[in-house]
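Below: input20.cif (mmCIF, C-alpha atoms)
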data_query
#
loop_
_atom_site.label_atom_id
_atom_site.label_comp_id
_atom_site.auth_asym_id
_atom_site.auth_seq_id
_atom_site.Cartn_x
_atom_site.Cartn_y
_atom_site.Cartn_z
CA MET B 1 -23.33 -29.40 12.00
CA THR B 2 -25.12 -29.97 15.31
CA SER B 3 -23.53 -30.21 18.76
CA SER B 4 -24.80 -30.34 22.33
CA VAL B 5 -24.17 -27.35 24.51
CA SER B 6 -24.12 -29.59 27.57
CA ALA B 7 -25.31 -33.05 28.47
CA GLY B 8 -29.08 -32.97 28.70
CA GLY B 9 -29.08 -29.24 27.88
CA PRO B 10 -30.46 -27.38 24.87
CA ARG B 11 -29.00 -28.19 21.50
CA ALA B 12 -27.57 -25.67 19.06
CA ALA B 13 -29.74 -24.59 16.16
CA THR B 14 -29.36 -26.51 12.91
CA ILE B 15 -29.94 -25.42 9.33
CA ALA B 16 -33.27 -27.25 9.50
CA THR B 17 -34.24 -25.27 12.62
CA ILE B 18 -33.50 -22.01 10.83
CA ALA B 19 -35.37 -23.12 7.70
CA THR B 20 -38.48 -24.08 9.70
CA GLU B 21 -38.50 -20.85 11.68
CA VAL B 22 -38.18 -18.65 8.58
CA GLY B 23 -40.41 -20.77 6.40
CA VAL B 24 -37.91 -21.53 3.65
CA SER B 25 -36.13 -24.62 2.41
CA VAL B 26 -32.91 -26.01 3.90
CA ALA B 27 -31.29 -25.32 0.53
CA THR B 28 -32.14 -21.62 0.82
CA VAL B 29 -30.53 -21.37 4.27
CA SER B 30 -27.48 -23.17 2.89
CA LYS B 31 -27.25 -20.66 0.03
CA VAL B 32 -27.30 -17.75 2.47
CA LEU B 33 -24.62 -19.37 4.62
CA ASN B 34 -22.43 -19.93 1.57
CA GLY B 35 -22.85 -16.40 0.28
CA ARG B 36 -24.75 -17.36 -2.85
CA ALA B 37 -26.28 -14.44 -4.74
CA ASP B 38 -29.41 -16.29 -5.96
CA VAL B 39 -31.53 -15.51 -2.88
CA ALA B 40 -34.10 -12.70 -2.78
CA PRO B 41 -32.95 -9.78 -0.59
CA GLU B 42 -35.98 -9.97 1.74
CA THR B 43 -35.53 -13.73 2.20
CA ARG B 44 -31.81 -13.30 2.81
CA ALA B 45 -32.53 -10.65 5.46
CA ARG B 46 -35.00 -12.93 7.31
CA VAL B 47 -32.56 -15.86 7.22
CA GLU B 48 -29.68 -13.66 8.42
CA ALA B 49 -31.85 -12.35 11.28
CA SER B 50 -32.71 -15.90 12.36
CA LEU B 51 -29.06 -16.97 12.17
CA GLU B 52 -28.15 -14.02 14.36
CA ARG B 53 -30.90 -14.75 16.91
CA HIS B 54 -29.65 -18.32 17.25
CA ARG B 55 -26.00 -17.23 17.14
CA TYR B 56 -25.45 -19.79 14.45
CA ARG B 57 -21.82 -20.22 13.38
CA ARG B 58 -20.25 -22.47 10.77
CA ARG B 59 -17.98 -24.95 12.50
CA THR B 60 -15.72 -25.71 9.55
CA ARG B 61 -14.60 -24.02 6.40
CA ARG B 62 -14.60 -25.93 3.17
CA PRO B 63 -11.33 -26.04 1.27
CA SER B 64 -11.41 -23.82 -1.81
CA GLU B 65 -9.13 -22.76 -4.61
CA SER B 66 -8.87 -19.35 -2.87
CA ALA B 67 -7.83 -20.79 0.49
CA SER B 68 -4.28 -19.45 0.06
CA GLN B 69 -5.32 -15.96 -1.10
CA ILE B 70 -5.91 -12.64 0.61
CA HIS B 71 -7.93 -9.88 -1.05
CA LEU B 72 -6.58 -6.32 -0.87
CA VAL B 73 -9.42 -3.86 -1.48
CA PHE B 74 -8.91 -0.15 -2.31
CA HIS B 75 -11.51 2.51 -2.97
CA GLU B 76 -9.04 3.36 -5.80
CA PHE B 77 -5.32 2.80 -6.36
CA ASP B 78 -4.18 5.32 -8.94
CA SER B 79 -1.27 6.81 -6.96
CA ALA B 80 2.27 6.15 -5.75
CA TRP B 81 0.77 6.22 -2.24
CA ALA B 82 -1.32 3.14 -3.04
CA MET B 83 1.70 1.39 -4.58
CA GLU B 84 3.59 1.65 -1.28
CA ILE B 85 0.75 -0.19 0.47
CA ILE B 86 0.57 -2.82 -2.27
CA ARG B 87 4.33 -3.44 -1.99
CA GLY B 88 4.08 -3.80 1.80
CA VAL B 89 1.21 -6.30 1.59
CA GLU B 90 2.84 -8.24 -1.24
CA GLU B 91 6.13 -8.58 0.63
CA ALA B 92 4.48 -9.85 3.83
CA ALA B 93 2.17 -12.21 1.92
CA ALA B 94 4.94 -13.65 -0.25
CA ALA B 95 6.97 -14.51 2.85
CA THR B 96 4.28 -17.05 3.78
CA GLY B 97 3.45 -18.26 0.27
CA VAL B 98 0.09 -16.48 0.20
CA GLU B 99 -1.24 -15.01 -3.05
CA LEU B 100 -2.51 -11.44 -3.30
CA VAL B 101 -5.67 -10.44 -5.19
CA LEU B 102 -6.24 -6.72 -5.84
CA THR B 103 -9.67 -5.08 -6.05
CA GLN B 104 -10.55 -1.45 -6.78
CA MET B 105 -13.96 -0.06 -5.81
CA GLY B 106 -13.97 2.67 -8.45
CA GLY B 107 -13.85 5.45 -5.86
CA ASN B 108 -16.57 3.99 -3.62
CA HIS B 109 -15.79 3.75 0.07
CA ARG B 110 -18.27 0.91 0.70
CA PRO B 111 -18.13 -2.48 -1.08
CA SER B 112 -21.39 -3.68 -2.61
CA ASP B 113 -23.25 -6.68 -1.23
CA THR B 114 -22.78 -8.37 -4.61
CA TRP B 115 -19.01 -8.09 -4.26
CA LEU B 116 -19.20 -9.40 -0.69
CA ASP B 117 -21.22 -12.41 -1.80
CA LEU B 118 -18.51 -13.14 -4.36
CA ILE B 119 -15.82 -12.97 -1.68
CA VAL B 120 -17.78 -15.26 0.64
CA GLY B 121 -18.20 -17.75 -2.18
CA ARG B 122 -14.45 -17.79 -2.82
CA GLN B 123 -13.58 -18.34 0.87
CA PRO B 124 -10.18 -16.57 0.89
CA LEU B 125 -7.88 -16.47 3.91
CA GLY B 126 -8.98 -12.91 4.60
CA VAL B 127 -9.65 -9.38 3.36
CA LEU B 128 -7.57 -6.19 3.75
CA LEU B 129 -9.44 -2.89 3.38
CA VAL B 130 -7.83 0.44 2.42
CA GLN B 131 -9.90 3.64 2.56
CA CYS B 132 -13.10 1.65 2.40
CA GLY B 133 -15.18 0.00 5.10
CA LEU B 134 -17.87 -2.58 5.70
CA THR B 135 -21.35 -2.08 7.10
CA PRO B 136 -22.10 -3.89 10.39
CA ALA B 137 -24.15 -6.44 8.43
CA GLN B 138 -21.26 -7.05 6.02
CA GLN B 139 -18.86 -7.46 8.92
CA GLU B 140 -21.16 -10.01 10.52
CA LYS B 141 -21.47 -11.96 7.27
CA LEU B 142 -17.68 -12.31 7.02
CA ARG B 143 -17.39 -13.24 10.70
CA ARG B 144 -20.06 -15.93 10.28
CA GLN B 145 -18.04 -17.38 7.39
CA ARG B 146 -14.84 -17.17 9.47
CA ILE B 147 -13.22 -14.84 6.95
CA PRO B 148 -11.14 -12.32 8.94
CA PHE B 149 -10.73 -8.71 7.80
CA VAL B 150 -8.30 -5.94 8.76
CA ALA B 151 -8.23 -2.26 7.80
CA VAL B 152 -5.14 -0.34 6.75
CA ASP B 153 -6.43 2.95 8.09
CA THR B 154 -4.80 6.28 7.29
CA ASP B 155 -8.00 8.11 8.18
CA SER B 156 -8.39 7.14 11.86
CA VAL B 157 -12.10 6.50 11.26
CA THR B 158 -12.32 2.70 11.50
CA PRO B 159 -14.66 1.39 14.25
CA ALA B 160 -13.05 -0.20 17.29
CA SER B 161 -14.62 -3.54 16.36
CA VAL B 162 -12.47 -3.77 13.20
CA PRO B 163 -8.81 -4.84 13.59
CA THR B 164 -6.80 -1.91 12.26
CA VAL B 165 -3.29 -0.67 11.54
CA GLY B 166 -2.87 3.09 11.13
CA SER B 167 -0.49 5.96 11.89
CA ASN B 168 -0.40 9.09 14.03
CA ASN B 169 -1.75 11.85 11.77
CA TRP B 170 -1.96 14.47 14.54
CA ASN B 171 1.73 14.06 15.31
CA GLY B 172 2.54 14.38 11.62
CA GLY B 173 0.97 17.84 11.46
CA LEU B 174 2.62 18.81 14.76
CA ILE B 175 6.18 17.96 13.70
CA ALA B 176 5.78 19.60 10.28
CA ALA B 177 4.70 22.91 11.85
CA ARG B 178 7.32 22.70 14.61
CA HIS B 179 10.07 22.36 12.00
CA LEU B 180 8.93 25.43 10.07
CA LEU B 181 8.40 27.51 13.21
CA GLU B 182 11.87 26.58 14.50
CA LEU B 183 13.33 27.77 11.19
CA GLY B 184 11.75 31.16 11.89
CA HIS B 185 8.69 31.06 9.64
CA ARG B 186 5.67 32.90 11.00
CA ARG B 187 3.37 33.07 7.98
CA ILE B 188 2.79 29.38 7.22
CA ALA B 189 0.02 28.01 5.01
CA VAL B 190 -1.35 24.48 5.00
CA ILE B 191 -2.95 22.62 2.10
CA SER B 192 -4.51 19.56 3.70
CA GLY B 193 -6.69 16.85 2.19
CA PRO B 194 -10.52 16.83 1.97
CA GLU B 195 -12.20 18.66 4.85
CA ASP B 196 -14.44 15.66 5.60
CA SER B 197 -11.41 13.36 5.94
CA LEU B 198 -10.47 12.71 9.58
CA CYS B 199 -6.78 12.27 8.74
CA SER B 200 -6.80 15.72 7.08
CA ARG B 201 -8.43 17.29 10.11
CA ALA B 202 -6.04 15.51 12.47
CA ARG B 203 -3.02 16.85 10.58
CA VAL B 204 -4.41 20.39 10.66
CA ALA B 205 -5.13 19.99 14.38
CA GLY B 206 -1.53 18.94 15.02
CA PHE B 207 -0.32 21.85 12.88
CA SER B 208 -2.44 24.24 14.95
CA SER B 209 -1.22 22.73 18.23
CA ALA B 210 2.39 23.49 17.27
CA HIS B 211 1.43 27.14 16.88
CA ASP B 212 -0.31 27.10 20.27
CA GLU B 213 2.77 25.48 21.78
CA ALA B 214 4.94 28.28 20.38
CA GLY B 215 2.51 30.97 21.57
CA LEU B 216 1.87 32.08 17.99
CA PRO B 217 -1.55 32.42 16.36
CA MET B 218 -2.29 30.35 13.27
CA ASP B 219 -3.84 32.37 10.45
CA PRO B 220 -7.07 30.52 9.46
CA THR B 221 -7.10 32.36 6.10
CA LEU B 222 -4.01 30.37 5.10
CA VAL B 223 -5.70 26.97 5.52
CA ARG B 224 -6.82 25.20 2.34
CA HIS B 225 -8.39 21.77 1.74
CA GLY B 226 -7.31 19.85 -1.34
CA ASN B 227 -7.62 16.24 -2.46
CA PHE B 228 -4.06 14.92 -1.85
CA TYR B 229 -3.34 15.06 -5.61
CA LEU B 230 -1.00 17.23 -7.72
CA ASN B 231 -3.70 19.50 -9.11
CA ALA B 232 -4.85 20.64 -5.65
CA GLY B 233 -1.30 21.51 -4.63
CA TYR B 234 -0.79 23.51 -7.80
CA GLU B 235 -4.12 25.36 -7.74
CA HIS B 236 -4.08 26.21 -4.02
CA GLY B 237 -0.36 26.99 -4.23
CA MET B 238 -0.92 29.53 -7.02
CA GLU B 239 -3.73 31.16 -5.02
CA LEU B 240 -1.72 31.39 -1.80
CA LEU B 241 1.47 32.62 -3.46
CA ARG B 242 -0.41 35.37 -5.32
CA LEU B 243 -1.74 36.87 -2.08
CA PRO B 244 -0.58 40.45 -1.31
CA ASP B 245 1.23 39.00 1.72
CA PRO B 246 2.04 35.42 0.65
CA PRO B 247 3.20 32.70 3.05
CA THR B 248 6.90 32.00 3.42
CA ALA B 249 6.23 28.30 3.95
CA ILE B 250 3.57 25.75 2.97
CA PHE B 251 2.78 22.41 4.62
CA ALA B 252 1.31 20.52 1.68
CA GLY B 253 -0.40 17.57 3.42
CA SER B 254 0.85 14.99 0.88
CA ASP B 255 3.93 14.58 -1.29
CA ALA B 256 1.77 14.79 -4.41
CA GLN B 257 0.33 18.15 -3.31
CA ALA B 258 3.85 19.29 -2.44
CA MET B 259 4.89 18.58 -6.03
CA GLY B 260 2.02 20.80 -7.19
CA VAL B 261 3.14 23.60 -4.85
CA LEU B 262 6.72 23.38 -6.15
CA ARG B 263 5.46 23.72 -9.71
CA ALA B 264 3.33 26.74 -8.78
CA ALA B 265 6.31 28.39 -7.09
CA ARG B 266 8.48 27.90 -10.17
CA ARG B 267 5.75 29.28 -12.44
CA LEU B 268 5.81 32.44 -10.32
CA GLY B 269 9.60 32.68 -10.47
CA LEU B 270 10.22 31.94 -6.79
CA ASP B 271 13.47 30.55 -5.45
CA LEU B 272 13.19 27.31 -3.46
CA PRO B 273 13.75 27.26 -0.54
CA GLY B 274 14.94 30.88 -0.44
CA ASP B 275 11.54 32.44 -1.14
CA LEU B 276 9.38 29.51 -0.08
CA SER B 277 9.85 26.43 2.12
CA VAL B 278 7.69 23.38 1.42
CA VAL B 279 6.95 20.32 3.60
CA GLY B 280 5.14 17.25 2.23
CA TYR B 281 3.56 14.21 3.83
CA ASP B 282 4.08 10.43 3.25
CA ASN B 283 7.78 10.30 2.27
CA LEU B 284 7.14 8.47 -1.00
CA PRO B 285 10.26 7.29 -2.89
CA VAL B 286 9.89 10.19 -5.34
CA ALA B 287 10.29 12.77 -2.53
CA GLU B 288 14.08 12.57 -2.47
CA TRP B 289 14.21 12.96 -6.26
CA MET B 290 12.22 16.20 -6.38
CA GLU B 291 14.06 19.45 -7.02
CA PRO B 292 14.82 20.48 -4.39
CA PRO B 293 14.64 17.16 -2.47
CA LEU B 294 11.50 17.33 -0.35
CA THR B 295 11.34 17.71 3.41
CA THR B 296 8.39 15.52 4.37
CA VAL B 297 6.60 13.65 7.14
CA HIS B 298 7.33 9.95 6.92
CA GLN B 299 4.09 7.98 7.14
CA PRO B 300 5.22 4.31 7.30
CA LEU B 301 2.84 3.05 4.59
CA HIS B 302 4.97 0.00 3.76
CA ASP B 303 5.25 -0.99 7.43
CA MET B 304 1.55 -0.34 8.05
CA ALA B 305 0.65 -2.63 5.16
CA GLY B 306 3.03 -5.35 6.34
CA ALA B 307 1.76 -5.21 9.93
CA ALA B 308 -1.86 -5.38 8.74
CA THR B 309 -1.08 -8.39 6.55
CA ARG B 310 0.61 -10.25 9.39
CA MET B 311 -2.33 -9.45 11.68
CA LEU B 312 -4.73 -10.80 9.06
CA LEU B 313 -2.74 -14.01 8.61
CA ASP B 314 -2.65 -14.52 12.39
CA LEU B 315 -6.41 -14.10 12.56
CA ALA B 316 -6.82 -16.56 9.67
CA THR B 317 -5.04 -19.25 11.69
CA GLY B 318 -7.20 -18.59 14.74
CA ALA B 319 -4.42 -16.91 16.70
CA GLU B 320 -5.23 -14.26 19.28
CA VAL B 321 -3.82 -10.83 18.39
CA PRO B 322 -2.54 -8.76 21.35
CA THR B 323 -4.36 -5.61 20.22
CA SER B 324 -6.98 -4.76 17.61
CA ARG B 325 -5.54 -1.29 16.91
CA ILE B 326 -1.93 -0.46 16.02
CA ASP B 327 -0.85 3.13 15.34
CA LEU B 328 2.67 3.46 13.96
CA GLY B 329 4.69 6.62 14.55
CA THR B 330 5.32 9.44 12.09
CA GLU B 331 8.62 11.30 11.85
CA LEU B 332 10.07 14.24 9.93
CA VAL B 333 12.61 13.66 7.16
CA VAL B 334 14.49 16.91 6.58
CA ARG B 335 15.88 17.49 3.07
CA GLU B 336 16.53 20.63 1.02
CA SER B 337 13.05 22.14 0.44
CA THR B 338 13.02 24.01 3.79
CA ALA B 339 15.24 26.83 5.05
CA PRO B 340 14.91 29.95 7.22
CA PRO B 341 12.85 32.76 5.63
CA ARG B 342 14.64 35.68 4.04
CA PRO B 343 15.38 38.61 6.42
CA GLY B 344 12.36 40.84 6.81
CA ARG B 345 9.84 38.08 6.01
#
Could you express the structure from this file as structure tokens?
Amino acid sequence: MTSSVSAGGPRAATIATIATEVGVSVATVSKVLNGRADVAPETRARVEASLERHRYRRRTRRPSESASQIHLVFHEFDSAWAMEIIRGVEEAAAATGVELVLTQMGGNHRPSDTWLDLIVGRQPLGVLLVQCGLTPAQQEKLRRQRIPFVAVDTDSVTPASVPTVGSNNWNGGLIAARHLLELGHRRIAVISGPEDSLCSRARVAGFSSAHDEAGLPMDPTLVRHGNFYLNAGYEHGMELLRLPDPPTAIFAGSDAQAMGVLRAARRLGLDLPGDLSVVGYDNLPVAEWMEPPLTTVHQPLHDMAGAATRMLLDLATGAEVPTSRIDLGTELVVRESTAPPRPGR
């Protein structure tokens, strides 16, 4: 575990050095290094601080039964959107004989330290994170254990220090609005995702830029923030379509919300797309089976997941990756849910 920096020069810190400095046993330092949970939080913090001061790094990784596994971690995966990412990761992992382990954080966007200790103890090939992130201390713990991690980021919020694969949300909003404006719509509503979500705000910003580009004002009273799920599309859709001067088109921000808007329109007896045009986002497999088939922004979830998996596997072998951030393009898929507005609208 000890090596000379240079002949006659200072030697790297050993576990014993760390133990002496902190005032704990060698066994305690070893437990911290191996991610064991049976160390008091204050003691763990002092040991971690000493390890960081000495820039201590493990030189080898012990073989483990998880050495051919990657962990895919979601804040939650109760949607078709999540299934597309799972399929993309599974396909890329299977091509190299690597097993996939799924974890759901129950809606939390930050893994617990207890979970992280469990991961460190298992010593997998690496960790993929979807809509959840690690604290700087958690990142450092994985780096010290030589466990790489990569984010599949649809939110554009991941720090530059974290290898990431995402997509161009701003462009997605831009091309959706351009399509509707080119059809002749002038009163266009948008039901985006949560207002505190950067991907939601980026899509609305792109949507607004298309209006600026066309020299047309965007009506801020027609902007709604949902949750990317069916219920938000339905509830906001009913509200918008009951306005005295309802929109002739709605950009739904997700295919699930678009499904909710379509249901609201039918409940109100509207013809689609004659009375209302609808654009979704994601291009999930179900989009082409909706009635009418949904015009939507293709977010390459499957490809994003595959690229992130391959990046993770490269990092696990010690390979240098050419870039730590990949943003895949978004494109519009035109189907039958959009058409020019009726004359006079």
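The spacing separating atom CA of Ile18 of chain B from atom CA of Glu42 of chain B amounts to 15.3 Å.
Candidate residues B:His211, B:His179, B:Arg267, B:His225 were compared for distance to Thr295 of chain B, and the nearest is B:His179, using all atoms listed in the file.
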Legend entry - Selection result for the PyMOL selection byres ((chain B and resi 108) around 8) on this file, as an MDAnalysis selection string: chainID B and resid 75:76 105:107 109:111 132
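Distance-wise, atom CA of Val261 of chain B and atom CA of Ala232 of chain B end up 8.6 Å apart.
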Inset, instruction - Could you check how far atom CA of Val98 of chain B sits from atom CA of Ala308 of chain B, in Å to one decimal? - result: 14.1 Å
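Each of B:Leu129, B:Thr338, B:Gly260, B:Ser254 was compared to Pro292 of chain B using all atoms listed in the file, and B:Thr338 turns out to be the nearest.
Within the 9 Å cut-off around segment 270-273 of chain B, using only C-alpha atoms and omitting residues fewer than 6 positions from it on the same chain, the listed residues are Ala249, Leu262, Ala264, Glu291, Pro292, Glu336, Ser337, Thr338, Ala339, Pro340 and Pro341 of chain B.
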Output segment 102-113 of chain B as an mmCIF file, in the coordinates of the input, making sure all heavy atoms are there.
data_model
loop_
_atom_site.group_PDB
_atom_site.id
_atom_site.type_symbol
_atom_site.label_atom_id
_atom_site.label_comp_id
_atom_site.auth_asym_id
_atom_site.auth_seq_id
_atom_site.Cartn_x
_atom_site.Cartn_y
_atom_site.Cartn_z
ATOM 1 N N LEU B 102 -5.933 -8.136 -5.968
ATOM 2 C CA LEU B 102 -6.240 -6.720 -5.840
ATOM 3 C C LEU B 102 -7.645 -6.410 -6.354
ATOM 4 O O LEU B 102 -8.058 -6.929 -7.393
ATOM 5 C CB LEU B 102 -5.242 -5.881 -6.631
ATOM 6 C CG LEU B 102 -3.832 -5.741 -6.054
ATOM 7 C CD1 LEU B 102 -2.945 -5.021 -7.051
ATOM 8 C CD2 LEU B 102 -3.864 -5.005 -4.738
ATOM 9 N N THR B 103 -8.344 -5.537 -5.625
ATOM 10 C CA THR B 103 -9.670 -5.080 -6.050
ATOM 11 C C THR B 103 -9.757 -3.578 -5.875
ATOM 12 O O THR B 103 -9.313 -3.048 -4.851
ATOM 13 C CB THR B 103 -10.785 -5.750 -5.228
ATOM 14 O OG1 THR B 103 -10.704 -7.164 -5.383
ATOM 15 C CG2 THR B 103 -12.158 -5.275 -5.684
ATOM 16 N N GLN B 104 -10.315 -2.880 -6.863
ATOM 17 C CA GLN B 104 -10.550 -1.450 -6.780
ATOM 18 C C GLN B 104 -12.050 -1.189 -6.827
ATOM 19 O O GLN B 104 -12.746 -1.755 -7.671
ATOM 20 C CB GLN B 104 -9.856 -0.715 -7.924
ATOM 21 C CG GLN B 104 -10.102 0.783 -7.919
ATOM 22 C CD GLN B 104 -9.353 1.509 -9.019
ATOM 23 O OE1 GLN B 104 -8.532 2.359 -8.733
ATOM 24 N NE2 GLN B 104 -9.625 1.182 -10.265
ATOM 25 N N MET B 105 -12.529 -0.317 -5.918
ATOM 26 C CA MET B 105 -13.960 -0.060 -5.810
ATOM 27 C C MET B 105 -14.432 1.112 -6.665
ATOM 28 O O MET B 105 -15.541 1.604 -6.492
ATOM 29 C CB MET B 105 -14.334 0.189 -4.346
ATOM 30 C CG MET B 105 -14.244 -1.027 -3.472
ATOM 31 S SD MET B 105 -15.537 -2.209 -3.906
ATOM 32 C CE MET B 105 -14.749 -3.744 -3.460
ATOM 33 N N GLY B 106 -13.570 1.597 -7.556
ATOM 34 C CA GLY B 106 -13.970 2.670 -8.450
ATOM 35 C C GLY B 106 -14.298 3.967 -7.732
ATOM 36 O O GLY B 106 -15.148 4.738 -8.172
ATOM 37 N N GLY B 107 -13.619 4.232 -6.607
ATOM 38 C CA GLY B 107 -13.850 5.450 -5.860
ATOM 39 C C GLY B 107 -14.878 5.317 -4.744
ATOM 40 O O GLY B 107 -15.025 6.223 -3.925
ATOM 41 N N ASN B 108 -15.595 4.207 -4.696
ATOM 42 C CA ASN B 108 -16.570 3.990 -3.620
ATOM 43 C C ASN B 108 -15.867 3.601 -2.329
ATOM 44 O O ASN B 108 -14.880 2.863 -2.348
ATOM 45 C CB ASN B 108 -17.556 2.884 -4.015
ATOM 46 C CG ASN B 108 -18.408 3.273 -5.194
ATOM 47 O OD1 ASN B 108 -18.821 4.421 -5.312
ATOM 48 N ND2 ASN B 108 -18.658 2.323 -6.090
ATOM 49 N N HIS B 109 -16.390 4.068 -1.219
ATOM 50 C CA HIS B 109 -15.790 3.750 0.070
ATOM 51 C C HIS B 109 -16.532 2.621 0.792
ATOM 52 O O HIS B 109 -16.219 2.306 1.940
ATOM 53 C CB HIS B 109 -15.756 4.997 0.966
ATOM 54 C CG HIS B 109 -14.793 6.038 0.493
ATOM 55 N ND1 HIS B 109 -13.454 6.036 0.815
ATOM 56 C CD2 HIS B 109 -14.974 7.103 -0.327
ATOM 57 C CE1 HIS B 109 -12.853 7.058 0.246
ATOM 58 N NE2 HIS B 109 -13.754 7.730 -0.451
ATOM 59 N N ARG B 110 -17.499 2.001 0.107
ATOM 60 C CA ARG B 110 -18.270 0.910 0.700
ATOM 61 C C ARG B 110 -18.460 -0.186 -0.348
ATOM 62 O O ARG B 110 -19.060 0.067 -1.394
ATOM 63 C CB ARG B 110 -19.636 1.417 1.160
ATOM 64 C CG ARG B 110 -20.429 0.381 1.953
ATOM 65 C CD ARG B 110 -19.977 0.355 3.384
ATOM 66 N NE ARG B 110 -20.289 1.585 4.091
ATOM 67 C CZ ARG B 110 -19.764 1.908 5.265
ATOM 68 N NH1 ARG B 110 -18.928 1.096 5.860
ATOM 69 N NH2 ARG B 110 -20.088 3.057 5.848
ATOM 70 N N PRO B 111 -17.932 -1.397 -0.114
ATOM 71 C CA PRO B 111 -18.130 -2.480 -1.080
ATOM 72 C C PRO B 111 -19.623 -2.820 -1.214
ATOM 73 O O PRO B 111 -20.397 -2.682 -0.274
ATOM 74 C CB PRO B 111 -17.373 -3.660 -0.466
ATOM 75 C CG PRO B 111 -16.422 -3.051 0.509
ATOM 76 C CD PRO B 111 -17.103 -1.826 1.028
ATOM 77 N N SER B 112 -20.003 -3.281 -2.388
ATOM 78 C CA SER B 112 -21.390 -3.680 -2.610
ATOM 79 C C SER B 112 -21.645 -5.058 -2.008
ATOM 80 O O SER B 112 -20.720 -5.854 -1.812
ATOM 81 C CB SER B 112 -21.703 -3.711 -4.107
ATOM 82 O OG SER B 112 -20.979 -4.761 -4.735
ATOM 83 N N ASP B 113 -22.896 -5.359 -1.733
ATOM 84 C CA ASP B 113 -23.250 -6.680 -1.230
ATOM 85 C C ASP B 113 -22.976 -7.758 -2.273
ATOM 86 O O ASP B 113 -22.648 -8.902 -1.926
ATOM 87 C CB ASP B 113 -24.724 -6.717 -0.820
ATOM 88 C CG ASP B 113 -24.996 -5.917 0.452
ATOM 89 O OD1 ASP B 113 -24.049 -5.726 1.242
ATOM 90 O OD2 ASP B 113 -26.143 -5.488 0.646
#
